[in-house]
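Engineer: Here you go, target-v2.csv (CSV, C-alpha atoms):
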```csv
chain,number,residue,atom,x,y,z
U,212,MET,CA,-58.7,126.6,79.4
U,213,ASP,CA,-55.5,128.5,80.0
U,214,LEU,CA,-55.8,130.8,83.1
U,215,LEU,CA,-52.3,132.3,82.6
U,216,PRO,CA,-53.7,135.7,81.3
U,217,LEU,CA,-55.9,135.9,84.4
U,218,PHE,CA,-53.0,135.3,86.8
U,219,ASP,CA,-50.8,137.7,84.7
U,220,TRP,CA,-53.5,140.4,85.1
U,221,LEU,CA,-53.8,139.6,88.9
U,222,ASP,CA,-50.1,139.9,89.3
U,223,THR,CA,-50.0,143.4,88.0
U,224,SER,CA,-53.4,144.6,89.4
U,225,TRP,CA,-53.9,147.3,92.0
U,226,LEU,CA,-54.7,144.4,94.4
U,227,ALA,CA,-51.3,143.0,94.0
U,228,ASP,CA,-49.7,146.4,94.4
U,229,LEU,CA,-51.6,146.8,97.7
U,230,ALA,CA,-50.7,143.3,98.9
U,231,LYS,CA,-47.0,143.6,98.0
U,232,ALA,CA,-46.5,147.2,99.3
U,233,ASN,CA,-48.4,146.9,102.6
U,234,GLY,CA,-47.4,144.1,104.9
U,235,GLY,CA,-49.9,145.3,107.6
U,236,VAL,CA,-52.8,145.0,105.2
U,237,PHE,CA,-51.6,141.6,104.0
U,238,ALA,CA,-51.2,140.3,107.6
U,239,VAL,CA,-54.8,141.5,108.6
U,240,VAL,CA,-56.3,139.9,105.5
U,241,GLN,CA,-54.3,136.7,106.2
U,242,MET,CA,-55.7,136.7,109.7
U,243,PHE,CA,-59.2,136.8,108.3
U,244,HIS,CA,-58.3,134.1,105.8
U,245,LEU,CA,-57.1,131.8,108.6
U,246,LEU,CA,-60.2,132.6,110.8
U,247,ALA,CA,-62.4,131.7,107.8
U,248,LEU,CA,-60.5,128.4,107.4
U,249,VAL,CA,-61.0,127.6,111.0
U,250,VAL,CA,-64.7,128.2,110.9
U,251,LEU,CA,-65.0,126.3,107.5
U,252,GLY,CA,-63.1,123.4,108.8
U,253,GLY,CA,-65.0,123.4,112.1
U,254,MET,CA,-68.4,123.3,110.3
U,255,VAL,CA,-67.2,120.6,108.0
U,256,LEU,CA,-65.9,118.5,110.9
U,257,VAL,CA,-69.0,118.9,113.1
U,258,LEU,CA,-71.4,117.9,110.3
U,259,ASP,CA,-69.2,115.1,108.9
U,260,LEU,CA,-68.4,113.6,112.3
U,261,ARG,CA,-72.2,113.6,113.0
U,262,LEU,CA,-72.7,111.9,109.6
U,263,VAL,CA,-70.2,109.1,110.5
U,264,GLY,CA,-71.9,108.8,113.9
U,265,ALA,CA,-69.0,110.0,116.0
U,266,VAL,CA,-70.6,113.1,117.6
U,267,PHE,CA,-74.1,114.4,118.6
U,268,PRO,CA,-76.0,111.2,117.7
U,269,GLU,CA,-79.1,112.7,119.4
U,270,VAL,CA,-79.2,115.8,117.1
U,271,PRO,CA,-81.4,115.3,114.0
U,272,LEU,CA,-79.4,115.6,110.7
U,273,ARG,CA,-81.6,118.4,109.3
U,274,GLU,CA,-81.1,120.4,112.5
U,275,MET,CA,-77.4,119.8,112.3
U,276,LEU,CA,-77.3,121.0,108.7
U,277,GLY,CA,-79.3,124.1,109.8
U,278,TYR,CA,-76.7,124.9,112.5
U,279,THR,CA,-73.7,124.6,110.3
U,280,ARG,CA,-75.0,125.8,106.9
U,281,LYS,CA,-74.8,129.6,107.2
U,282,TRP,CA,-71.5,129.5,109.0
U,283,PHE,CA,-70.1,127.3,106.3
U,284,ASP,CA,-71.4,129.6,103.5
U,285,GLY,CA,-70.0,132.8,105.2
U,286,ALA,CA,-66.6,131.2,105.9
U,287,LEU,CA,-66.4,129.9,102.3
U,288,VAL,CA,-67.1,133.4,100.9
U,289,ALA,CA,-64.7,135.0,103.4
U,290,SER,CA,-61.9,132.5,102.5
U,291,LEU,CA,-62.4,133.0,98.8
U,292,VAL,CA,-62.3,136.8,99.0
U,293,SER,CA,-59.3,136.9,101.3
U,294,GLY,CA,-57.7,134.1,99.2
U,295,VAL,CA,-57.9,136.1,96.0
U,296,PHE,CA,-56.3,139.1,97.7
U,297,MET,CA,-53.4,137.0,99.2
U,298,SER,CA,-52.9,135.2,95.8
U,299,SER,CA,-52.5,138.4,94.0
U,300,ALA,CA,-49.2,139.0,95.9
U,301,VAL,CA,-47.7,135.8,94.4
U,302,ALA,CA,-50.0,135.2,91.5
U,303,MET,CA,-47.4,134.0,89.0
U,304,LYS,CA,-45.6,131.8,91.5
U,305,LEU,CA,-48.9,130.1,92.4
U,306,TYR,CA,-49.8,129.6,88.7
U,307,TYR,CA,-46.8,127.3,88.3
U,308,ASN,CA,-47.3,125.5,91.7
U,309,GLU,CA,-48.8,122.0,91.4
U,310,MET,CA,-50.1,122.0,95.0
U,311,PHE,CA,-52.0,125.3,94.4
U,312,TRP,CA,-54.0,123.6,91.6
U,313,ALA,CA,-54.5,120.5,93.8
U,314,LYS,CA,-56.0,122.9,96.4
U,315,MET,CA,-58.2,124.7,93.8
U,316,THR,CA,-59.4,121.4,92.4
U,317,GLY,CA,-60.2,120.2,95.9
U,318,LEU,CA,-62.0,123.4,96.7
U,319,LEU,CA,-64.2,123.2,93.6
U,320,VAL,CA,-65.0,119.5,94.2
U,321,GLY,CA,-65.7,120.3,97.9
U,322,ALA,CA,-68.1,123.1,97.0
U,323,LEU,CA,-69.9,121.1,94.4
U,324,PHE,CA,-70.1,118.1,96.8
U,325,VAL,CA,-71.6,120.2,99.5
U,326,TYR,CA,-74.1,122.2,97.4
U,327,ILE,CA,-75.1,119.5,94.8
U,328,VAL,CA,-74.8,116.2,96.8
U,329,GLU,CA,-74.6,116.5,100.6
U,330,ARG,CA,-77.1,119.3,101.4
U,331,PRO,CA,-79.8,118.3,98.9
U,332,LEU,CA,-79.6,114.7,100.1
U,333,LEU,CA,-79.7,115.6,103.8
U,334,ARG,CA,-82.7,117.9,103.1
U,335,GLN,CA,-84.5,115.2,101.2
U,336,SER,CA,-83.8,112.2,103.4
U,337,GLY,CA,-82.4,113.6,106.7
U,338,ASP,CA,-82.3,110.8,109.3
U,339,ASP,CA,-84.0,108.4,106.9
U,340,LEU,CA,-80.7,108.1,105.1
U,341,ARG,CA,-79.3,104.5,105.3
U,342,PRO,CA,-76.4,104.4,107.9
U,343,ALA,CA,-73.9,103.2,105.2
U,344,THR,CA,-74.8,106.1,102.9
U,345,ARG,CA,-74.6,108.5,105.8
U,346,ARG,CA,-71.1,107.3,106.8
U,347,LEU,CA,-69.9,107.3,103.2
U,348,LEU,CA,-71.1,110.9,102.8
U,349,GLY,CA,-69.3,112.0,105.9
U,350,ALA,CA,-66.1,110.2,105.0
U,351,SER,CA,-66.0,111.5,101.4
U,352,SER,CA,-66.5,115.0,102.6
U,353,MET,CA,-63.7,114.7,105.1
U,354,VAL,CA,-61.4,113.3,102.5
U,355,ILE,CA,-62.1,116.3,100.2
U,356,TRP,CA,-61.6,119.0,102.8
U,357,PHE,CA,-58.6,117.2,104.3
U,358,THR,CA,-57.1,117.3,100.7
U,359,VAL,CA,-57.9,121.0,100.4
U,360,ALA,CA,-56.3,121.8,103.8
U,361,ALA,CA,-53.2,119.7,103.3
U,362,SER,CA,-52.5,120.8,99.8
U,363,GLY,CA,-53.0,124.4,100.9
U,364,ARG,CA,-50.4,124.0,103.5
U,365,TRP,CA,-48.2,122.2,101.0
U,366,ILE,CA,-48.1,125.3,98.8
U,367,GLY,CA,-45.7,126.9,101.2
U,368,PHE,CA,-43.3,124.0,101.1
U,369,SER,CA,-43.2,123.3,97.3
I,279,MET,CA,-87.5,101.0,102.6
I,280,PRO,CA,-86.6,101.6,98.9
I,281,VAL,CA,-83.5,103.6,98.2
I,282,SER,CA,-84.0,106.8,96.1
I,283,THR,CA,-82.2,107.3,92.8
I,284,PHE,CA,-80.6,110.4,94.3
I,285,GLU,CA,-79.1,108.4,97.2
I,286,LYS,CA,-77.8,105.8,94.7
I,287,ILE,CA,-76.1,108.6,92.6
I,288,ALA,CA,-74.7,110.1,95.9
I,289,VAL,CA,-73.2,106.7,96.7
I,290,VAL,CA,-71.5,106.5,93.3
I,291,VAL,CA,-70.2,110.1,93.7
I,292,CYS,CA,-68.8,109.2,97.2
I,293,CYS,CA,-67.0,106.1,95.8
I,294,LEU,CA,-65.5,108.3,93.0
I,295,VAL,CA,-64.4,110.9,95.6
I,296,LEU,CA,-62.8,108.2,97.9
I,297,GLY,CA,-61.1,106.6,94.9
I,298,SER,CA,-59.7,109.9,93.7
I,299,GLY,CA,-58.5,110.7,97.2
I,300,ALA,CA,-56.8,107.3,97.6
I,301,TRP,CA,-55.1,107.8,94.1
I,302,PHE,CA,-54.0,111.4,94.9
I,303,TRP,CA,-52.6,110.6,98.4
I,304,GLY,CA,-51.2,107.2,97.3
I,305,LYS,CA,-49.2,109.0,94.6
I,306,GLN,CA,-47.9,111.5,97.2
I,307,VAL,CA,-46.9,108.7,99.6
I,308,LEU,CA,-45.1,106.8,96.8
I,309,ALA,CA,-43.2,109.9,95.7
I,310,ALA,CA,-42.2,110.5,99.4
I,311,VAL,CA,-41.0,106.9,99.7
I,312,GLU,CA,-39.0,107.2,96.5
I,313,LEU,CA,-37.4,110.5,97.8
I,314,LEU,CA,-36.5,108.8,101.0
I,315,GLN,CA,-34.9,105.8,99.2
I,316,MET,CA,-32.9,108.2,97.0
I,317,ALA,CA,-31.7,110.1,100.1
I,318,GLN,CA,-30.5,106.9,101.7
I,319,GLY,CA,-28.6,106.0,98.6
```
Once you've parsed the file, please lay out its structure as structure tokens.

Structural biologist:
Amino acid sequence: MDLLPLFDWLDTSWLADLAKANGGVFAVVQMFHLLALVVLGGMVLVLDLRLVGAVFPEVPLREMLGYTRKWFDGALVASLVSGVFMSSAVAMKLYYNEMFWAKMTGLLVGALFVYIVERPLLRQSGDDLRPATRRLLGASSMVIWFTVAASGRWIGFS
Amino acid sequence: MPVSTFEKIAVVVCCLVLGSGAWFWGKQVLAAVELLQMAQG
């Protein structure tokens, strides 16, 4: 599936005009994007470190999921919305950037992992999950989100 | 206690994720080492 027409459209959209013409608006949106990433990363780390047994061993897993779930969802939506706006300013440049696609792939894999594997499994088994599976789940999630974060930063240097 | 089918599938998915992560970052490290060697002549 070629997404070039979509990026081409985004590059000439009113969103791109706004992002390119107004540095103040871009800076404010970028601030919200960074804030969303901090919250997203924080929620991922808290739950994953609990899964590998590094923090809060006394807090039940289902309870931990309950604490982090809504913040994660909100941060994911906020980062996606602000990310589309920021991308519009450099849409064509991003389309040809390998690290941008690495980040997008990681983001898709991460979201699918959270909503299809991690959460349903924690809801089903909670603390009855075998320790090895629990640790594997946490480690895998951290690898995915580390890849998203690192490739995201890499965009600026490639 | 028996392990559920879902848990078994999750373990396979996790192994695939960790394998893909190792492949992706391994590739990046090898590329960086190659660049370093080229820079040193």

Engineer: If we count only C-alpha atoms and set the cut-off at 7 Å, which residues sit around range 334-340 of chain U, ignoring sequence neighbours fewer than 4 positions away in its own chain? Please answer as a PyMOL selection string.

Structural biologist: chain U and resi 271-273+330+344-345

Engineer: If you take only C-alpha atoms and a cut-off of 8 Å, which residues of chain I touch chain U, and what are their nearest atom pairs and distances in Å to one decimal, in chain and number order, as CSV?

Structural biologist:
```
residue,atom,partner,partner_atom,distance
I:Phe284,CA,U:Leu332,CA,7.3
I:Glu285,CA,U:Leu332,CA,7.0
I:Ala288,CA,U:Val328,CA,6.2
I:Val289,CA,U:Thr344,CA,6.4
I:Cys292,CA,U:Ser351,CA,5.5
I:Cys293,CA,U:Ser351,CA,7.8
I:Val295,CA,U:Ser351,CA,6.0
I:Leu296,CA,U:Ser351,CA,5.8
I:Gly299,CA,U:Val354,CA,6.6
```

Engineer: So what do you get for CA of Asp259 in chain U versus CA of Tyr326 in chain U, distance-wise?

Structural biologist: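 Going from CA of Asp259 in chain U over to CA of Tyr326 in chain U covers 14.4 Å.
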
Engineer: Just want the 9 Å neighbourhood of Val240 in chain U, counted on only C-alpha atoms, with same-chain residues fewer than 5 positions away dropped. Output as a ChimeraX atom specification.

Structural biologist: /U:235,245,293-294,296-297

Engineer: What gap, in Å, lies between CA of Ala247 in chain U and CA of Trp282 in chain U?

Structural biologist: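 If I compute the distance from CA of Ala247 in chain U to CA of Trp282 in chain U, I get 9.4 Å.
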
Engineer: Between CA of Ala360 in chain U and CA of Val249 in chain U, what is the distance, to one decimal in Å?

Structural biologist: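 Going from CA of Ala360 in chain U over to CA of Val249 in chain U covers 10.4 Å.
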
Engineer: For a quick check of understanding, using all atoms listed in the file, which of U:Ala238, U:Val292, U:Ala361, U:Leu251 has the smallest distance to Phe302 in chain I?

Structural biologist: U:Ala361

Engineer: Pick the closest to Asp219 in chain U from U:Phe311, U:Trp356, U:Tyr306, U:Phe237: which is it, counting all atoms listed in the file?

Structural biologist: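 Of U:Phe311, U:Trp356, U:Tyr306, U:Phe237, the one nearest Asp219 in chain U is U:Tyr306, counting all atoms listed in the file.
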
Engineer: Would you be able to write out as a PyMOL selection string which residues have an atom within 12 Å of (-47.1, 143.2, 98.1) in the file's coordinates, counting only C-alpha atoms?

Structural biologist: chain U and resi 221-238+296-302

Engineer: Calculated over all atoms listed in the file, which of the candidates U:Val295, U:Leu305, U:Met212, U:Val288 has the smallest distance to Val250 in chain U?

Structural biologist: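 The closest residue to Val250 in chain U is U:Val288.
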
Engineer: Could you check the closest approach to His244 in chain U for each of U:Ala286, U:Val325, U:Met310, U:Leu258 and tell me which residue wins, using all atoms listed in the file?

Structural biologist: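 Smallest distance to His244 in chain U is found for U:Ala286.
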
Engineer: (-47.0, 122.9, 94.5) in this file's frame - what residues fall within 12 Å of it? Use only C-alpha atoms and give the answer as a list in words.

Structural biologist: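 Output: Lys304, Leu305, Tyr306, Tyr307, Asn308, Glu309, Met310, Phe311, Trp312, Ala313, Lys314, Met315, Ala361, Ser362, Gly363, Arg364, Trp365, Ile366, Gly367, Phe368 and Ser369 of chain U; Gln306 of chain I.
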